[in-house]
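A.B. asks: Below is coords_22.cif; it holds mmCIF, C-alpha atoms and all ligand atoms.
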```cif
data_run
loop_
_atom_site.label_atom_id
_atom_site.label_comp_id
_atom_site.auth_asym_id
_atom_site.auth_seq_id
_atom_site.Cartn_x
_atom_site.Cartn_y
_atom_site.Cartn_z
CA MET A 24 -72.90 -66.64 201.65
CA PRO A 25 -69.96 -68.75 200.42
CA ARG A 26 -66.65 -67.02 199.86
CA THR A 27 -65.61 -67.05 196.23
CA VAL A 28 -61.87 -66.68 196.97
CA GLU A 29 -59.45 -67.70 199.74
CA PRO A 30 -57.74 -65.44 202.30
CA LEU A 31 -54.36 -64.03 201.26
CA GLN A 32 -51.63 -65.72 203.28
CA ILE A 33 -48.52 -63.60 203.90
CA GLY A 34 -46.27 -65.47 206.30
CA SER A 35 -48.43 -66.15 209.35
CA HIS A 36 -51.01 -63.47 208.42
CA ALA A 37 -54.23 -64.83 206.91
CA ILE A 38 -55.63 -61.70 205.30
CA TRP A 39 -59.36 -61.38 204.67
CA PRO A 40 -60.63 -60.10 202.37
CA PRO A 41 -57.74 -60.38 199.92
CA ILE A 42 -58.02 -56.71 198.99
CA VAL A 43 -54.99 -54.46 199.47
CA LEU A 44 -55.03 -50.67 199.33
CA ALA A 45 -52.25 -49.53 196.99
CA PRO A 46 -49.58 -47.40 198.62
CA MET A 47 -49.96 -43.90 197.18
CA SER A 48 -47.45 -41.27 198.15
CA GLY A 49 -49.06 -38.01 199.31
CA VAL A 50 -52.44 -39.75 199.57
CA THR A 51 -52.56 -42.90 201.70
CA ASN A 52 -51.48 -41.38 204.98
CA ARG A 53 -52.60 -43.01 208.23
CA THR A 54 -55.83 -41.01 208.43
CA MET A 55 -56.92 -42.15 205.02
CA ARG A 56 -55.91 -45.76 205.63
CA ALA A 57 -57.83 -45.89 208.91
CA LEU A 58 -60.87 -44.33 207.25
CA TYR A 59 -60.88 -46.64 204.22
CA LYS A 60 -60.03 -49.88 206.03
CA PRO A 61 -63.60 -50.59 207.31
CA PHE A 62 -64.89 -50.56 203.73
CA GLY A 63 -63.29 -53.98 203.39
CA LEU A 64 -59.54 -53.73 203.06
CA GLY A 65 -57.66 -56.77 204.28
CA LEU A 66 -54.33 -54.94 204.21
CA THR A 67 -53.13 -51.36 203.95
CA VAL A 68 -49.65 -50.18 203.02
CA THR A 69 -47.99 -46.90 204.00
CA GLU A 70 -46.80 -44.37 201.45
CA PHE A 71 -43.27 -45.31 200.39
CA VAL A 72 -40.57 -44.21 202.80
CA SER A 73 -36.97 -43.54 201.87
CA SER A 74 -34.57 -45.89 203.68
CA ASN A 75 -31.99 -43.12 203.56
CA ALA A 76 -34.35 -40.60 205.16
CA LEU A 77 -34.90 -43.05 208.02
CA LYS A 78 -31.25 -42.64 209.00
CA PHE A 79 -32.13 -39.10 210.05
CA GLY A 80 -35.55 -39.91 211.50
CA SER A 81 -37.22 -36.54 210.82
CA LYS A 82 -40.58 -35.94 212.50
CA ARG A 83 -42.41 -36.30 209.15
CA THR A 84 -40.66 -39.55 208.28
CA MET A 85 -41.35 -41.02 211.71
CA GLU A 86 -44.99 -39.98 211.39
CA MET A 87 -45.21 -41.88 208.08
CA ILE A 88 -44.01 -45.15 209.60
CA ASP A 89 -45.94 -44.92 212.89
CA GLN A 90 -48.50 -47.70 212.62
CA ALA A 91 -49.88 -47.36 216.17
CA GLY A 92 -53.66 -47.35 216.23
CA ILE A 93 -53.98 -48.67 212.66
CA GLU A 94 -55.97 -51.88 212.38
CA LYS A 95 -53.70 -54.89 211.85
CA PRO A 96 -52.11 -56.27 209.81
CA VAL A 97 -50.33 -53.29 208.28
CA SER A 98 -47.41 -53.07 205.91
CA THR A 99 -44.75 -50.37 205.69
CA GLN A 100 -43.10 -49.76 202.34
CA LEU A 101 -39.44 -48.84 201.93
CA TRP A 102 -37.39 -47.75 198.96
CA GLY A 103 -33.67 -47.49 198.39
CA ASP A 104 -30.85 -49.15 196.49
CA ASP A 105 -28.45 -50.05 199.27
CA PRO A 106 -29.01 -53.45 200.95
CA ALA A 107 -27.48 -52.47 204.32
CA THR A 108 -29.45 -49.20 204.50
CA MET A 109 -32.65 -51.02 203.57
CA ALA A 110 -31.97 -53.65 206.25
CA ALA A 111 -31.41 -50.99 208.92
CA ALA A 112 -34.57 -49.16 207.83
CA ALA A 113 -36.56 -52.40 208.00
CA ARG A 114 -35.56 -52.87 211.65
CA VAL A 115 -36.79 -49.35 212.44
CA VAL A 116 -40.17 -49.74 210.74
CA VAL A 117 -40.81 -53.04 212.50
CA GLU A 118 -40.09 -51.31 215.83
CA CYS A 119 -42.68 -48.73 214.79
CA GLY A 120 -45.40 -51.32 214.29
CA ALA A 121 -45.06 -52.80 210.78
CA ASP A 122 -46.40 -56.36 210.56
CA ILE A 123 -45.01 -56.68 207.03
CA VAL A 124 -42.15 -54.85 205.29
CA ASP A 125 -42.75 -54.13 201.60
CA ILE A 126 -39.90 -53.25 199.23
CA ASN A 127 -40.60 -50.81 196.39
CA PHE A 128 -39.16 -51.85 193.01
CA GLY A 129 -41.88 -49.98 191.13
CA CYS A 130 -41.74 -46.22 191.53
CA PRO A 131 -40.97 -44.59 188.17
CA ALA A 132 -40.62 -40.98 189.48
CA PRO A 133 -37.32 -39.40 188.39
CA LYS A 134 -36.59 -38.10 191.91
CA VAL A 135 -36.48 -41.75 193.02
CA THR A 136 -34.96 -43.46 189.96
CA LYS A 137 -32.12 -40.94 189.66
CA THR A 138 -30.69 -42.39 192.86
CA ASN A 139 -31.28 -45.93 191.51
CA GLY A 140 -34.28 -46.48 193.78
CA GLY A 141 -37.80 -47.76 192.99
CA SER A 142 -38.18 -49.15 189.46
CA ALA A 143 -34.53 -48.31 188.66
CA CYS A 144 -33.57 -51.32 190.80
CA LEU A 145 -35.14 -53.51 188.09
CA ARG A 146 -32.21 -52.61 185.83
CA ASP A 147 -30.08 -54.78 188.10
CA PRO A 148 -31.84 -58.03 189.19
CA GLN A 149 -28.78 -59.10 191.20
CA ARG A 150 -29.03 -55.89 193.24
CA CYS A 151 -32.76 -56.56 193.78
CA GLU A 152 -31.89 -60.00 195.13
CA GLU A 153 -29.29 -58.53 197.50
CA ILE A 154 -31.76 -55.97 198.81
CA VAL A 155 -34.45 -58.58 199.46
CA ARG A 156 -31.94 -60.94 201.09
CA ALA A 157 -30.66 -58.17 203.39
CA VAL A 158 -34.15 -57.10 204.46
CA VAL A 159 -35.35 -60.67 205.02
CA GLY A 160 -32.27 -61.29 207.15
CA ALA A 161 -32.88 -58.16 209.22
CA VAL A 162 -36.43 -58.70 210.47
CA GLU A 163 -38.67 -61.44 211.83
CA VAL A 164 -41.81 -60.22 210.02
CA PRO A 165 -42.67 -61.24 206.43
CA VAL A 166 -41.04 -59.24 203.64
CA THR A 167 -42.89 -58.59 200.37
CA VAL A 168 -41.99 -56.85 197.10
CA LYS A 169 -44.02 -54.51 194.90
CA MET A 170 -42.73 -54.13 191.38
CA ARG A 171 -43.40 -53.21 187.79
CA LEU A 172 -42.75 -55.42 184.75
CA GLY A 173 -39.30 -54.00 184.13
CA TRP A 174 -37.61 -50.76 183.23
CA SER A 175 -38.78 -50.86 179.60
CA GLU A 176 -40.68 -53.04 177.16
CA SER A 177 -37.41 -54.56 175.92
CA ASP A 178 -36.34 -55.53 179.42
CA LEU A 179 -39.18 -57.39 181.17
CA VAL A 180 -37.39 -58.79 184.21
CA TYR A 181 -40.37 -59.34 186.51
CA ILE A 182 -40.25 -63.14 186.49
CA ASP A 183 -36.48 -63.19 187.09
CA VAL A 184 -36.65 -60.61 189.91
CA ALA A 185 -39.68 -62.22 191.55
CA ARG A 186 -38.09 -65.70 191.45
CA ARG A 187 -34.91 -64.33 193.01
CA ALA A 188 -37.00 -62.59 195.70
CA GLU A 189 -38.88 -65.80 196.40
CA ALA A 190 -35.63 -67.78 196.61
CA VAL A 191 -34.21 -65.45 199.29
CA GLY A 192 -37.35 -65.44 201.40
CA ALA A 193 -39.92 -62.91 200.11
CA LYS A 194 -43.42 -63.96 201.16
CA ALA A 195 -45.53 -62.29 198.42
CA ILE A 196 -45.10 -60.23 195.25
CA THR A 197 -47.34 -57.43 194.01
CA LEU A 198 -47.10 -56.76 190.29
CA HIS A 199 -48.29 -53.49 188.73
CA ALA A 200 -48.39 -54.66 185.14
CA ARG A 201 -46.74 -51.68 183.45
CA THR A 202 -43.11 -50.90 182.73
CA ALA A 203 -41.37 -48.00 184.47
CA ARG A 204 -41.05 -46.19 181.13
CA GLN A 205 -44.83 -46.35 180.72
CA PHE A 206 -45.48 -44.40 183.94
CA TYR A 207 -49.31 -44.52 183.85
CA ARG A 208 -49.75 -44.57 180.08
CA GLY A 209 -51.53 -47.38 178.24
CA SER A 210 -53.14 -50.06 180.34
CA ALA A 211 -51.91 -52.63 182.82
CA ASP A 212 -51.36 -55.95 181.03
CA TRP A 213 -52.83 -58.63 183.25
CA ALA A 214 -51.47 -61.43 181.00
CA HIS A 215 -48.08 -60.74 182.64
CA ILE A 216 -49.67 -61.04 186.08
CA ALA A 217 -51.05 -64.47 185.10
CA ARG A 218 -47.56 -65.49 183.92
CA LEU A 219 -46.04 -64.43 187.21
CA LYS A 220 -48.61 -66.41 189.16
CA GLU A 221 -47.62 -69.51 187.14
CA ALA A 222 -43.94 -68.92 187.84
CA LEU A 223 -44.09 -68.60 191.65
CA THR A 224 -45.26 -70.58 194.65
CA ILE A 225 -45.62 -67.55 196.97
CA PRO A 226 -48.81 -65.44 196.68
CA VAL A 227 -49.14 -62.89 193.89
CA ILE A 228 -51.15 -59.68 194.27
CA GLY A 229 -52.40 -58.25 190.97
CA ASN A 230 -52.46 -54.51 190.47
CA GLY A 231 -53.38 -52.07 187.76
CA ASP A 232 -56.48 -50.29 186.49
CA LEU A 233 -59.10 -52.08 188.60
CA ALA A 234 -62.10 -49.77 188.80
CA ASP A 235 -65.06 -52.12 188.93
CA ALA A 236 -65.94 -55.08 191.17
CA GLN A 237 -66.96 -57.44 188.37
CA VAL A 238 -63.81 -56.66 186.40
CA ALA A 239 -61.69 -57.18 189.53
CA MET A 240 -63.25 -60.60 190.07
CA GLN A 241 -62.79 -61.51 186.42
CA ARG A 242 -59.11 -60.47 186.46
CA MET A 243 -58.62 -62.44 189.66
CA ARG A 244 -60.18 -65.58 188.16
CA GLU A 245 -58.36 -65.30 184.84
CA SER A 246 -54.93 -64.58 186.28
CA GLY A 247 -55.25 -66.88 189.30
CA VAL A 248 -53.84 -64.21 191.66
CA ASP A 249 -54.25 -64.50 195.41
CA ALA A 250 -55.37 -60.90 195.96
CA VAL A 251 -56.09 -57.65 194.21
CA MET A 252 -54.59 -54.27 194.99
CA LEU A 253 -56.84 -51.26 194.39
CA GLY A 254 -55.37 -47.81 193.85
CA ARG A 255 -56.56 -44.71 192.04
CA ALA A 256 -60.13 -45.89 191.55
CA THR A 257 -60.72 -45.95 195.31
CA LEU A 258 -59.88 -42.26 195.70
CA GLY A 259 -63.11 -40.41 196.40
CA ASN A 260 -64.81 -43.79 195.97
CA PRO A 261 -64.10 -46.15 198.89
CA TRP A 262 -67.40 -47.88 198.06
CA LEU A 263 -65.52 -49.71 195.31
CA ILE A 264 -63.68 -51.57 198.08
CA SER A 265 -66.99 -52.76 199.62
CA GLN A 266 -68.24 -53.78 196.19
CA VAL A 267 -65.19 -55.99 195.61
CA ARG A 268 -65.58 -57.43 199.12
CA ASP A 269 -69.28 -58.13 198.44
CA ALA A 270 -68.36 -60.00 195.26
CA MET A 271 -65.68 -61.99 197.11
CA GLU A 272 -68.18 -62.92 199.82
CA GLY A 273 -70.73 -64.09 197.23
CA ARG A 274 -73.11 -61.12 197.50
CA THR A 275 -74.38 -58.79 194.81
CA PRO A 276 -72.24 -55.66 195.20
CA ALA A 277 -74.11 -52.85 196.98
CA ALA A 278 -74.86 -49.80 194.85
CA THR A 279 -72.61 -46.74 195.19
CA PRO A 280 -74.39 -44.21 197.46
CA GLY A 281 -76.00 -41.11 196.02
CA ALA A 282 -74.25 -37.76 195.71
CA ALA A 283 -75.39 -36.35 199.08
CA ASP A 284 -74.14 -39.40 201.00
CA ARG A 285 -70.83 -39.32 199.13
CA LEU A 286 -70.36 -35.69 200.12
CA ARG A 287 -71.29 -36.48 203.74
CA PHE A 288 -68.49 -39.02 203.79
CA CYS A 289 -66.18 -36.43 202.23
CA ILE A 290 -66.88 -34.18 205.23
CA GLU A 291 -66.11 -37.07 207.58
CA HIS A 292 -62.78 -37.50 205.75
CA TYR A 293 -62.14 -33.74 206.06
CA ARG A 294 -62.80 -33.77 209.81
CA ALA A 295 -60.57 -36.81 210.37
CA MET A 296 -57.72 -35.10 208.51
CA LEU A 297 -58.21 -31.93 210.56
CA ALA A 298 -58.12 -33.90 213.79
CA ASP A 299 -54.92 -35.73 212.78
CA LEU A 300 -52.99 -33.06 210.90
CA GLY A 301 -54.41 -29.69 211.95
CA GLU A 302 -55.74 -26.87 209.77
CA ARG A 303 -52.46 -25.86 208.06
CA ARG A 304 -51.70 -29.31 206.64
CA ALA A 305 -55.21 -30.71 206.25
CA VAL A 306 -56.69 -27.90 204.11
CA PRO A 307 -54.26 -28.18 201.15
CA GLN A 308 -54.20 -31.99 201.34
CA MET A 309 -58.00 -32.20 201.33
CA ARG A 310 -58.33 -30.15 198.13
CA LYS A 311 -57.39 -33.16 195.97
CA HIS A 312 -59.63 -35.51 197.97
CA VAL A 313 -62.64 -33.18 197.75
CA ALA A 314 -62.12 -32.89 193.98
CA LEU A 315 -62.25 -36.69 193.75
CA TYR A 316 -65.40 -37.02 195.90
CA LEU A 317 -67.06 -34.43 193.67
CA LYS A 318 -66.53 -36.55 190.54
CA GLY A 319 -69.84 -37.13 188.77
CA ILE A 320 -71.79 -34.79 191.04
CA PRO A 321 -73.87 -32.11 189.28
CA GLY A 322 -72.11 -28.75 189.41
CA ALA A 323 -68.78 -30.40 190.38
CA ALA A 324 -66.59 -28.16 188.21
CA GLN A 325 -67.63 -24.86 189.83
CA LEU A 326 -67.57 -26.36 193.30
CA ARG A 327 -64.11 -27.81 192.76
CA GLU A 328 -62.81 -24.48 191.61
CA ARG A 329 -64.23 -22.79 194.71
CA ILE A 330 -62.76 -25.35 197.08
CA MET A 331 -59.34 -24.91 195.44
CA ARG A 332 -59.36 -21.23 196.48
CA ILE A 333 -60.65 -21.71 200.04
CA ASP A 334 -58.04 -21.55 202.82
CA SER A 335 -60.27 -22.30 205.80
CA SER A 336 -61.64 -25.71 206.69
CA ASP A 337 -64.82 -24.17 208.17
CA GLU A 338 -65.53 -22.46 204.87
CA ALA A 339 -64.72 -25.57 202.81
CA ILE A 340 -66.98 -27.77 204.95
CA ALA A 341 -69.79 -25.17 204.89
CA THR A 342 -69.53 -25.06 201.07
CA ILE A 343 -69.84 -28.84 200.83
CA GLU A 344 -72.74 -28.83 203.35
CA ALA A 345 -74.55 -26.22 201.26
CA ARG A 346 -74.19 -28.46 198.21
CA ILE A 347 -75.60 -31.42 200.18
CA GLU A 348 -78.62 -29.32 201.13
CA SER A 349 -79.21 -28.25 197.56
CA LEU A 350 -78.84 -31.83 196.32
CA GLU A 351 -81.43 -32.95 198.85
CA ALA A 352 -83.79 -30.22 197.68
CA GLU A 353 -83.54 -31.62 194.14
CA PRO A 354 -83.36 -35.40 194.68
CA VAL A 355 -83.60 -36.20 190.98
CA ALA A 356 -80.23 -34.55 190.35
CA ALA A 357 -78.60 -36.65 193.09
C1 LIG B 401 -50.40 -40.51 193.57
C2 LIG B 401 -49.79 -41.87 193.52
C3 LIG B 401 -48.78 -42.19 194.41
C4 LIG B 401 -48.20 -43.48 194.39
N1 LIG B 401 -47.27 -43.79 195.33
C5 LIG B 401 -46.80 -45.07 195.40
C6 LIG B 401 -45.92 -45.47 196.45
O1 LIG B 401 -45.59 -44.69 197.35
N2 LIG B 401 -45.49 -46.76 196.43
C7 LIG B 401 -45.85 -47.66 195.45
O2 LIG B 401 -45.44 -48.81 195.48
N3 LIG B 401 -46.69 -47.30 194.46
C8 LIG B 401 -47.17 -46.04 194.43
N4 LIG B 401 -48.08 -45.71 193.46
C9 LIG B 401 -48.54 -46.75 192.51
C10 LIG B 401 -49.80 -47.45 193.05
O3 LIG B 401 -49.52 -48.15 194.24
C11 LIG B 401 -50.34 -48.46 192.01
O4 LIG B 401 -49.36 -49.42 191.75
C12 LIG B 401 -50.74 -47.80 190.70
O5 LIG B 401 -51.48 -46.61 190.91
C13 LIG B 401 -51.56 -48.76 189.81
O6 LIG B 401 -52.74 -49.16 190.46
P1 LIG B 401 -54.18 -48.47 190.11
O7 LIG B 401 -54.34 -48.57 188.61
O8 LIG B 401 -55.18 -49.32 190.84
O9 LIG B 401 -54.11 -47.06 190.56
C14 LIG B 401 -48.64 -44.44 193.44
C15 LIG B 401 -49.65 -44.10 192.54
C16 LIG B 401 -50.23 -42.84 192.57
C17 LIG B 401 -51.34 -42.53 191.60
#
```
How would this structure read if it were set down as structure tokens?
Ligand SMILES: Cc1cc2nc3c(=O)[nH]c(=O)nc-3n(C[C@H](O)[C@H](O)[C@H](O)COP(=O)(O)O)c2cc1C
C.D. replies:
Amino acid sequence: MPRTVEPLQIGSHAIWPPIVLAPMSGVTNRTMRALYKPFGLGLTVTEFVSSNALKFGSKRTMEMIDQAGIEKPVSTQLWGDDPATMAAAARVVVECGADIVDINFGCPAPKVTKTNGGSACLRDPQRCEEIVRAVVGAVEVPVTVKMRLGWSESDLVYIDVARRAEAVGAKAITLHARTARQFYRGSADWAHIARLKEALTIPVIGNGDLADAQVAMQRMRESGVDAVMLGRATLGNPWLISQVRDAMEGRTPAATPGAADRLRFCIEHYRAMLADLGERRAVPQMRKHVALYLKGIPGAAQLRERIMRIDSSDEAIATIEARIESLEAEPVAA
């Protein structure tokens, strides 16, 4: 089948398919990235890591940047507002296996923006340029930037910041087409993504609200972007990734599996988290994932509520297995 799009080129990495898993703090840990990659991700990105925290190198921070055993290429994302600290952090993450260093100019969370990090950097394009220049100068691997449109509707700096980043050596830009002030309200405005693509020569990765393979392909065609980044819609639904890959490879996207198969994969995810993190950390983290896998499954609300109260992985897995059995006994409901 003929490919309908080209690989995403970031520096020397030719990335196929041009589908990137969005970095999601508290969600896209290494277990999840390894588990979702075979569905058809060309590139995965770590949760964002504070460049300041890397100075202290706590066990948790080092765990977040350890890319050993993760299928290549992989990108590690950093945030911070100080060019020298970001440069030092970039050297550390490359030592820990990053093939690409991504700079976060997008996070709107107050705990990040109050120290001028994440999307708050967009209030000072000159500072953004200095950060990108410092990181590019510190490492041999390609450096990329992920950003929002600007701090607010009246201050859309994305083209200015992206051009500055390109001029000092950034190798790709991801644009989540919302302002920081919007958080997740309204919808991502892909017309801005198309404008950015026109304004740059380096690749542009479009991001925001993609939840369907046909829509993803349409947005890609209309905006001319080099790749799509998929975020929230993949949670509990990694089959979306395969559907986008199918469309990119010229196939009709495979149907989403039935409820019982989705829950079987949820158990696989649970077991992988247990193996990597142990009972004490995996059980609370899996509650949100299980809730997402349950979406659209008959009786989801009661089951979700039960799982929220369960403190043992054996009991949680047995509860999901019981639901699989009952779904198989009533195939029409699945
Ligand atoms: C729970 C959560 C955590 C996130 N953490 C990060 C992060 O660490 N770094 C980042 O650049 N974006 C982060 N984002 C933003 C996503 O990468 C993405 O830009 C956004 O969700 C829009 O894409 P979507 O509509 O496909 O979800 C996060 C989003 C969510 C929902």
A.B. asks: What separation in Å, quoted to one decimal, exists between CA of Ala111 in chain A and CA of Ala195 in chain A?
C.D. replies: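 For CA of Ala111 in chain A relative to CA of Ala195 in chain A, the distance reads 20.9 Å.
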A.B. asks: Skipping near chain neighbours, those fewer than 2 positions away, what residues fall within 9 Å of range 125-136 of chain A using all atoms listed in the file, listed as JSON, numbers by chain?
C.D. replies: {"A": [68, 71, 98, 99, 100, 101, 102, 103, 109, 123, 138, 139, 140, 141, 142, 143, 144, 145, 151, 154, 155, 158, 165, 166, 167, 168, 169, 170, 171, 172, 173, 174, 198, 199, 202, 203, 204, 205, 206]}
A.B. asks: With the cut-off set at 7 Å and counting all atoms listed in the file, tabulate each residue of chain A with an atom at most that distance from an atom of ligand LIG 401 (chain B), showing the nearest atom pair and its distance in Å to one decimal, ordered by chain and increasing number, as JSON lines.
C.D. replies:
```
{"residue": "A:Ala45", "atom": "CA", "partner": "B:LIG401", "partner_atom": "O3", "distance": 4.1}
{"residue": "A:Pro46", "atom": "CA", "partner": "B:LIG401", "partner_atom": "O3", "distance": 4.4}
{"residue": "A:Met47", "atom": "CA", "partner": "B:LIG401", "partner_atom": "N1", "distance": 3.3}
{"residue": "A:Ser48", "atom": "CA", "partner": "B:LIG401", "partner_atom": "N1", "distance": 3.8}
{"residue": "A:Gly49", "atom": "CA", "partner": "B:LIG401", "partner_atom": "C1", "distance": 6.4}
{"residue": "A:Val50", "atom": "CA", "partner": "B:LIG401", "partner_atom": "C1", "distance": 6.4}
{"residue": "A:Glu70", "atom": "CA", "partner": "B:LIG401", "partner_atom": "O1", "distance": 4.3}
{"residue": "A:Phe71", "atom": "CA", "partner": "B:LIG401", "partner_atom": "O1", "distance": 3.9}
{"residue": "A:Asn127", "atom": "CA", "partner": "B:LIG401", "partner_atom": "O2", "distance": 5.3}
{"residue": "A:Gly129", "atom": "CA", "partner": "B:LIG401", "partner_atom": "O2", "distance": 5.7}
{"residue": "A:Cys130", "atom": "CA", "partner": "B:LIG401", "partner_atom": "N3", "distance": 5.9}
{"residue": "A:Lys169", "atom": "CA", "partner": "B:LIG401", "partner_atom": "O2", "distance": 5.9}
{"residue": "A:His199", "atom": "CA", "partner": "B:LIG401", "partner_atom": "O4", "distance": 5.2}
{"residue": "A:Asn230", "atom": "CA", "partner": "B:LIG401", "partner_atom": "O6", "distance": 5.4}
{"residue": "A:Gly231", "atom": "CA", "partner": "B:LIG401", "partner_atom": "O7", "distance": 3.7}
{"residue": "A:Asp232", "atom": "CA", "partner": "B:LIG401", "partner_atom": "O7", "distance": 3.5}
{"residue": "A:Leu233", "atom": "CA", "partner": "B:LIG401", "partner_atom": "O8", "distance": 5.3}
{"residue": "A:Met252", "atom": "CA", "partner": "B:LIG401", "partner_atom": "O8", "distance": 6.5}
{"residue": "A:Leu253", "atom": "CA", "partner": "B:LIG401", "partner_atom": "O8", "distance": 4.4}
{"residue": "A:Gly254", "atom": "CA", "partner": "B:LIG401", "partner_atom": "O8", "distance": 3.4}
{"residue": "A:Arg255", "atom": "CA", "partner": "B:LIG401", "partner_atom": "O9", "distance": 3.7}
{"residue": "A:Ala256", "atom": "CA", "partner": "B:LIG401", "partner_atom": "O8", "distance": 6.1}
```
A.B. asks: Those residues with C-alpha atoms, as a compact mmCIF listing (two decimals), in the coordinates of the input please?
C.D. replies:
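For reference, out.txt as written:
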```
# COMPACT_ATOMS: atom_id res chain seq x y z
CA ALA A 45 -52.25 -49.53 196.99
CA PRO A 46 -49.58 -47.40 198.62
CA MET A 47 -49.96 -43.90 197.18
CA SER A 48 -47.45 -41.27 198.15
CA GLY A 49 -49.06 -38.01 199.31
CA VAL A 50 -52.44 -39.75 199.57
CA GLU A 70 -46.80 -44.37 201.45
CA PHE A 71 -43.27 -45.31 200.39
CA ASN A 127 -40.60 -50.81 196.39
CA GLY A 129 -41.88 -49.98 191.13
CA CYS A 130 -41.74 -46.22 191.53
CA LYS A 169 -44.02 -54.51 194.90
CA HIS A 199 -48.29 -53.49 188.73
CA ASN A 230 -52.46 -54.51 190.47
CA GLY A 231 -53.38 -52.07 187.76
CA ASP A 232 -56.48 -50.29 186.49
CA LEU A 233 -59.10 -52.08 188.60
CA MET A 252 -54.59 -54.27 194.99
CA LEU A 253 -56.84 -51.26 194.39
CA GLY A 254 -55.37 -47.81 193.85
CA ARG A 255 -56.56 -44.71 192.04
CA ALA A 256 -60.13 -45.89 191.55
```
A.B. asks: At a cut-off of 12 Å, using all atoms listed in the file, what residues contact Gln149 in chain A? Leave out same-chain residues fewer than 5 positions from it and give the result as an NGL selection string.
C.D. replies: :A and (104 or 106 or 144 or 154-156 or 180 or 183-188 or 191)
A.B. asks: So how far away is CA of Ile264 in chain A from CA of Ala341 in chain A, in Å?
C.D. replies: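 Taking CA of Ala341 in chain A as the start and CA of Ile264 in chain A as the end point, the length is 27.9 Å.
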A.B. asks: Considering only C-alpha atoms, can you say which of A:Gly209, A:Pro280, A:Gly160, A:Gly229 comes closest to Pro41 in chain A?
C.D. replies: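 The closest residue to Pro41 in chain A is A:Gly229.
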A.B. asks: Considering all atoms listed in the file, can you say which of A:Ala161, A:Ala314, A:Arg150, A:Gln241 comes closest to Glu118 in chain A?
C.D. replies: A:Ala161
A.B. asks: Could you tell me, as an NGL selection string, which residues have any atom at most 12 Å from (-54.1, -53.0, 211.4), counting all atoms listed in the file?
C.D. replies: :A and (36 or 38-39 or 53 or 56-61 or 64-69 or 89-99 or 120-123)
A.B. asks: What gap, in Å, lies between CA of Gly63 in chain A and CA of Val267 in chain A?
C.D. replies: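 Separation of CA of Gly63 in chain A and CA of Val267 in chain A: 8.3 Å.
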A.B. asks: Which one is closest to Glu152 in chain A: A:Ala193, A:Val43, A:Leu258, A:Arg329? Count all atoms listed in the file.
C.D. replies: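 Closest candidate: A:Ala193.
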A.B. asks: Return the single residue from A:Ala305, A:Ala236, A:Ile196, A:Ala298 that is closest to Glu272 in chain A, with distances computed using only C-alpha atoms.
C.D. replies: A:Ala236
